[in-house]
Amino acid sequence: MEVIFDMLSFTFMQRAIIVGVLVSLCAALLGVSLVLKRYAMIGTGLSHVGFAATVIAGVVITIDLSPLPGWLAGPLGGVFEFIDSMPLLLPLAVTVGAAFLLLRLNESSKINGDSAVALISTSGIAIGVIVMGVTTGITLHICNILFGSIFAMTRADMYWSIALSIVVIILFVLFYKQLFAVTYDESFAKATGTKVEIYKSMLALLTAITVVLGMRMMGALLIASLTLFPALSAMRLCKRFLSVVIVAAVIGVTCFFVGMVFSFALDLPPGATVVGINLIVFLLFSCIAFIKRGGRA
Amino acid sequence: MALITCKDAAFAYEGKVVVEGLNFEVAEGDYLCIVGENGSGKTTLMKGLLGLMRPKSGKIEMGDGLKPTHIGYLPQQTSAQKNFPASVYEVVISGRLNSRGAMPFYSRQDRHVALENIEKLGITPIRKKSFRELSGGQQQRVLLARALCATEKVLLLDEPVSGLDPIVTAELYQTIQTLHKDGLTIIMISHDVRSGVEHANQMLHLQNRQVFFGTAEEYVQTEAGRHFLQGGESGWK
């Protein structure tokens with residue numbers, strides 16, 4: 001208990017917890033639909049695109065504009081400064097764009113869905129690494145971007161995260177029945193006049209936002225797990241959609257908080273610790289389900 | 001006026017005609033069975049009836065204020081659905097999805113209609129069970145109840161008995177028969193010509209064009225019907 005009070009006495013920790021709890025909640029809610037709709041890899045793909053965008057947003061300010069003519073360097077410098085002052089903006093825009101691109105690729109039968117995701121995610125990593133390579137001498141820590149850092153949260157980030165998380169949660173609640181119908185049976189939903197494409201786009205858009213918000217703390221390589229583990233754990237034991245959603249949300253938030261406490265107390269990397277706790281819960285739930293089935297696979 | 005009138009309609013995928021020469025009517029109270037081999041255009045026509053595809057030429061007209069979105073649809077199940085964590089009630093009420101447009105949540109009326117249809121199909125005892133724990137026949141009943149939630153007039157059934165054992169198949173045909181007697185118009189796509197002829201009063205035979213449309217009694221007299229009924233699914237040209 002004392003550890004928790006200790007932990008909450010730091011401002012950066014308070015911010016990290018507020019943002020993390022909200023992001024975990026959004027990720028868990030969206031994750032249920034993503035997992036059931038076999039879109040689980042979208043989170044991974046988008047987070048790798050987010051990686052590239054974060055690297056670019058971090059280095060633009062260091063680009064030397066002096067060889068360019070003044071009329072170009074002036075406005076461009078202004079744009080770069082703006083990007084630098086709002087570090088979430090560029091990743092958000094790029095990732096949302098990638099989400100729509102991914103859906104388009106998914107629909108056109110020329111490239112398979114899983115290939116499209118693999119294509120986009122490896123391209124994201126490659127572009128990020130290239131940009132890091134050409135801009136030497138910067139203070140960007142690749143480890144922090146890949147695996148997350150709790151010191152990354154500024155006050156502005158926190159407000160952004162709170163506002164966007166609330167939007168995600170409200171949209172999820174308002175369109176719950178449509179999301180259920182589209183997740184469960186797209187052809188039936190279409191036949192009764194539901195604009196299936198709109199809800200699929202909404203799912204991709206909200207996932208993109210959630211991934212970007214959580215990426216700085218959880219890391220580009222780990223954020224997608226927040227969408228997967230809670231839903232998968234909940235599905236081991238729950239039989240109804242609503243209970244899967246609620247249990248996933250509870251698991252997501254609880255695992256995040258417990259992970260942060262362990263990370264603080266034992267000085268472990270926060271993102272990885274949260275994923276570790278999620279893994280333990282998943283294994284535990286799988287065991288309970290196995291025993292409940294009477295030992296049948 | 002007929003509920004659905006198909007006038008010289010043709011459907012095409014990416015410019016390639018799949019099925020053409022469709023001229024038929026579905027009147028209120030009909031039980032129409034659409035038969036044909038795989039790839040003969042049955043599924044394509046179904047998409048046209050549901051308003052998911054526009055005819056390339058000709059037209060499909062709906063009468064009596066019927067809209068394509070008010071057709072209760074029983075799709076073929078996908079493998080993903082078989083393991084979906086949802087209760088029977090959750091699945092059935094999702095048939096009421098567009099009863100109030102894009103309004104959030106289900107109304108008291110929606111819940112009432114869902115429970116009524118659950119009762120009608122005799123699945124009240126299993127309404128709290130998980131869909132994935134049910135037998136194939138029970139799952140089809142649940143999806144049928146959902147389809148009823150979306151319509152008051154027309155049911156469109158896509159291969160409703162595929163994958164079911166003979167006893168369950170007979171029970172399901174019985175249920176469909178009862179719904180028909182209660183006044184619903186039934187359109188059923190089926191491989192099973194024998195049961196089609198037995199239960200339906202109208203037959204539509206497709207072979208990338210309309211080969212036959214008329215009553216079931218007439219159909220068994222035609223060369224196409226006789227051949228198909230003898231099990232020569234692939235032989236008839």
# chains A, B, ... in the order shown; residues from 1 in each chain; ligands from 1
$ interface_residues --of "chain B" --to "chain A" --cutoff "10 Å" --atoms "only C-alpha atoms" --output "number ranges by chain"
B: 47, 49-52, 67-78, 80-81, 83-91, 93-99, 101-106, 128-133, 143, 146-147, 150-151
$ closest_residue --among "B:Ile186, B:Leu121, B:Leu157, B:Met203" --to "B:Tyr219" --atoms "only C-alpha atoms"
B:Met203
$ closest_atom_pairs --of "stretch 22-44 of chain A" --to "stretch 257-265 of chain A" --cutoff "12 Å" --atoms "only C-alpha atoms" --output "Markdown table"
| residue | atom | partner | partner_atom | distance |
| --- | --- | --- | --- | --- |
| A:Leu22 | CA | A:Phe257 | CA | 11.0 |
| A:Val23 | CA | A:Phe257 | CA | 11.7 |
| A:Ser24 | CA | A:Phe257 | CA | 9.5 |
| A:Leu25 | CA | A:Phe257 | CA | 11.3 |
$ closest_residue --among "B:Ile167, B:Ala10, B:Ile118, B:Val35" --to "B:Leu148" --atoms "only C-alpha atoms"
B:Ile118
$ residues_around --residues "B:Ile187" --least-positions-apart "2" --cutoff "7 Å" --atoms "only C-alpha atoms" --output "list of chain:residue names"
B:Tyr31, B:Leu32, B:Cys33, B:Leu155, B:Leu156, B:Leu157, B:Thr185, B:Ile189
$ select_by_dssp --residues "stretch 238-273 of chain A" --states "alpha helix (DSSP H)" --output "PyMOL selection string"
chain A and resi 241-266+270-273
$ write_last_selection --atoms "C-alpha atoms" --output "PDB file, in the first residue's frame"
ATOM      1  CA  PHE A 241     -20.459 -10.371 -25.525  1.00  0.00           C
ATOM      2  CA  LEU A 242     -21.335  -7.771 -22.916  1.00  0.00           C
ATOM      3  CA  SER A 243     -19.525  -9.661 -20.182  1.00  0.00           C
ATOM      4  CA  VAL A 244     -16.483 -10.101 -22.435  1.00  0.00           C
ATOM      5  CA  VAL A 245     -16.420  -6.322 -22.949  1.00  0.00           C
ATOM      6  CA  ILE A 246     -16.789  -5.510 -19.246  1.00  0.00           C
ATOM      7  CA  VAL A 247     -14.318  -8.136 -18.036  1.00  0.00           C
ATOM      8  CA  ALA A 248     -11.796  -7.092 -20.701  1.00  0.00           C
ATOM      9  CA  ALA A 249     -12.066  -3.466 -19.561  1.00  0.00           C
ATOM     10  CA  VAL A 250     -11.533  -4.459 -15.924  1.00  0.00           C
ATOM     11  CA  ILE A 251      -8.582  -6.710 -16.813  1.00  0.00           C
ATOM     12  CA  GLY A 252      -7.009  -4.014 -18.981  1.00  0.00           C
ATOM     13  CA  VAL A 253      -7.161  -1.311 -16.312  1.00  0.00           C
ATOM     14  CA  THR A 254      -6.196  -3.609 -13.433  1.00  0.00           C
ATOM     15  CA  CYS A 255      -3.231  -5.133 -15.252  1.00  0.00           C
ATOM     16  CA  PHE A 256      -1.981  -1.687 -16.156  1.00  0.00           C
ATOM     17  CA  PHE A 257      -2.169  -0.439 -12.580  1.00  0.00           C
ATOM     18  CA  VAL A 258      -0.612  -3.566 -11.077  1.00  0.00           C
ATOM     19  CA  GLY A 259       2.089  -3.482 -13.735  1.00  0.00           C
ATOM     20  CA  MET A 260       2.931   0.127 -12.881  1.00  0.00           C
ATOM     21  CA  VAL A 261       3.163  -0.665  -9.167  1.00  0.00           C
ATOM     22  CA  PHE A 262       5.559  -3.550  -9.824  1.00  0.00           C
ATOM     23  CA  SER A 263       7.516  -1.475 -12.278  1.00  0.00           C
ATOM     24  CA  PHE A 264       7.882   1.313  -9.688  1.00  0.00           C
ATOM     25  CA  ALA A 265       8.629  -0.932  -6.730  1.00  0.00           C
ATOM     26  CA  LEU A 266      11.111  -3.218  -8.468  1.00  0.00           C
ATOM     27  CA  PRO A 270       6.903  -0.126 -17.212  1.00  0.00           C
ATOM     28  CA  GLY A 271       5.561  -1.162 -20.643  1.00  0.00           C
ATOM     29  CA  ALA A 272       7.084  -4.616 -20.514  1.00  0.00           C
ATOM     30  CA  THR A 273       5.927  -5.132 -16.912  1.00  0.00           C
TER      31      THR A 273
END
$ atom_distance --atom1 "atom CA of A:Ile130" --atom2 "atom CA of A:Phe82"
22.6 Å
$ residues_around --residues "A:Pro87" --least-positions-apart "5" --cutoff "9 Å" --atoms "only C-alpha atoms" --output "JSON, numbers by chain"
{"A": [54, 57, 58, 82, 157]}
$ write_last_selection --atoms "all heavy atoms" --output "PDB file, in the first residue's frame"
ATOM      1  N   THR A  54       6.670   9.108 -35.017  1.00  0.00           N
ATOM      2  CA  THR A  54       7.226   9.701 -33.803  1.00  0.00           C
ATOM      3  C   THR A  54       8.696  10.088 -34.020  1.00  0.00           C
ATOM      4  O   THR A  54       9.138  11.154 -33.590  1.00  0.00           O
ATOM      5  CB  THR A  54       7.125   8.698 -32.632  1.00  0.00           C
ATOM      6  OG1 THR A  54       5.771   8.289 -32.510  1.00  0.00           O
ATOM      7  CG2 THR A  54       7.585   9.317 -31.337  1.00  0.00           C
ATOM      8  N   ALA A  57       8.677  13.176 -36.173  1.00  0.00           N
ATOM      9  CA  ALA A  57       8.263  14.345 -35.391  1.00  0.00           C
ATOM     10  C   ALA A  57       9.373  14.784 -34.443  1.00  0.00           C
ATOM     11  O   ALA A  57       9.519  15.972 -34.141  1.00  0.00           O
ATOM     12  CB  ALA A  57       6.989  14.023 -34.612  1.00  0.00           C
ATOM     13  N   GLY A  58      10.180  13.824 -33.977  1.00  0.00           N
ATOM     14  CA  GLY A  58      11.241  14.150 -33.028  1.00  0.00           C
ATOM     15  C   GLY A  58      12.461  14.785 -33.662  1.00  0.00           C
ATOM     16  O   GLY A  58      13.211  15.498 -32.985  1.00  0.00           O
ATOM     17  N   PHE A  82       6.045  23.809 -35.320  1.00  0.00           N
ATOM     18  CA  PHE A  82       4.701  23.446 -34.876  1.00  0.00           C
ATOM     19  C   PHE A  82       4.627  21.947 -34.569  1.00  0.00           C
ATOM     20  O   PHE A  82       4.117  21.540 -33.524  1.00  0.00           O
ATOM     21  CB  PHE A  82       3.691  23.819 -35.967  1.00  0.00           C
ATOM     22  CG  PHE A  82       2.268  23.525 -35.589  1.00  0.00           C
ATOM     23  CD1 PHE A  82       1.665  24.202 -34.536  1.00  0.00           C
ATOM     24  CD2 PHE A  82       1.532  22.569 -36.272  1.00  0.00           C
ATOM     25  CE1 PHE A  82       0.352  23.940 -34.178  1.00  0.00           C
ATOM     26  CE2 PHE A  82       0.223  22.294 -35.911  1.00  0.00           C
ATOM     27  CZ  PHE A  82      -0.363  22.978 -34.873  1.00  0.00           C
ATOM     28  N   ASP A 157       0.358  16.405 -23.314  1.00  0.00           N
ATOM     29  CA  ASP A 157       0.062  15.025 -23.710  1.00  0.00           C
ATOM     30  C   ASP A 157      -1.085  14.481 -22.879  1.00  0.00           C
ATOM     31  O   ASP A 157      -1.969  13.781 -23.377  1.00  0.00           O
ATOM     32  CB  ASP A 157       1.272  14.107 -23.469  1.00  0.00           C
ATOM     33  CG  ASP A 157       2.350  14.359 -24.492  1.00  0.00           C
ATOM     34  OD1 ASP A 157       2.058  15.026 -25.493  1.00  0.00           O
ATOM     35  OD2 ASP A 157       3.482  13.886 -24.281  1.00  0.00           O
TER      36      ASP A 157
END
$ residues_around --residues "B:Ser195" --least-positions-apart "4" --cutoff "10 Å" --atoms "only C-alpha atoms" --output "VMD selection string"
chain B and resid 33 169 to 170 173 190 to 191 199 to 200 229
$ atom_distance --atom1 "atom CA of A:Ile61" --atom2 "atom CA of A:Met153"
19.2 Å
$ atom_distance --atom1 "atom CA of A:Leu221" --atom2 "atom CA of A:Leu146"
5.5 Å
$ residues_around --residues "A:Phe80" --least-positions-apart "4" --cutoff "7 Å" --atoms "only C-alpha atoms" --output "list in words"
Val60, Ile61, Leu76 and Asp84 of chain A
$ write_last_selection --atoms "N, CA, C and O atoms" --output "short mmCIF file (atom, residue, chain, number, x, y, z; two decimals), in the first residue's frame"
data_model
loop_
_atom_site.label_atom_id
_atom_site.label_comp_id
_atom_site.auth_asym_id
_atom_site.auth_seq_id
_atom_site.Cartn_x
_atom_site.Cartn_y
_atom_site.Cartn_z
N VAL A 60 12.45 16.55 -36.85
CA VAL A 60 12.26 17.63 -37.83
C VAL A 60 12.94 18.93 -37.40
O VAL A 60 13.48 19.66 -38.22
N ILE A 61 12.92 19.20 -36.10
CA ILE A 61 13.45 20.48 -35.61
C ILE A 61 14.96 20.58 -35.84
O ILE A 61 15.51 21.67 -35.97
N LEU A 76 8.54 26.55 -43.89
CA LEU A 76 8.86 25.17 -43.56
C LEU A 76 9.35 25.06 -42.12
O LEU A 76 8.95 24.17 -41.37
N ASP A 84 7.07 20.07 -33.81
CA ASP A 84 7.90 19.79 -32.63
C ASP A 84 7.18 20.18 -31.35
O ASP A 84 7.31 19.51 -30.32
#
$ residues_around --residues "A:Ser149" --least-positions-apart "6" --cutoff "7 Å" --atoms "only C-alpha atoms" --output "PDB file with N, CA, C and O atoms, in the first residue's frame"
ATOM      1  N   ARG A 216       3.785   6.152 -26.358  1.00  0.00           N
ATOM      2  CA  ARG A 216       4.944   6.759 -25.712  1.00  0.00           C
ATOM      3  C   ARG A 216       5.241   6.069 -24.387  1.00  0.00           C
ATOM      4  O   ARG A 216       6.399   5.916 -24.008  1.00  0.00           O
ATOM      5  N   MET A 217       4.198   5.654 -23.712  1.00  0.00           N
ATOM      6  CA  MET A 217       4.428   5.015 -22.428  1.00  0.00           C
ATOM      7  C   MET A 217       4.715   3.526 -22.582  1.00  0.00           C
ATOM      8  O   MET A 217       5.617   2.983 -21.963  1.00  0.00           O
ATOM      9  N   MET A 218       3.923   2.859 -23.431  1.00  0.00           N
ATOM     10  CA  MET A 218       4.038   1.407 -23.561  1.00  0.00           C
ATOM     11  C   MET A 218       5.111   0.994 -24.564  1.00  0.00           C
ATOM     12  O   MET A 218       5.596  -0.127 -24.532  1.00  0.00           O
TER      13      MET A 218
END
$ closest_residue --among "A:Ile83, A:Ile166, A:Ala28, A:Ala220" --to "A:Val49" --atoms "only C-alpha atoms"
A:Ala220
$ closest_residue --among "B:Cys149, B:Leu206, B:Arg226, B:Glu116" --to "B:Val19" --atoms "only C-alpha atoms"
B:Leu206
$ closest_residue --among "B:Val142, B:Met188, B:Met53, B:Ala2" --to "B:Gly65" --atoms "only C-alpha atoms"
B:Ala2
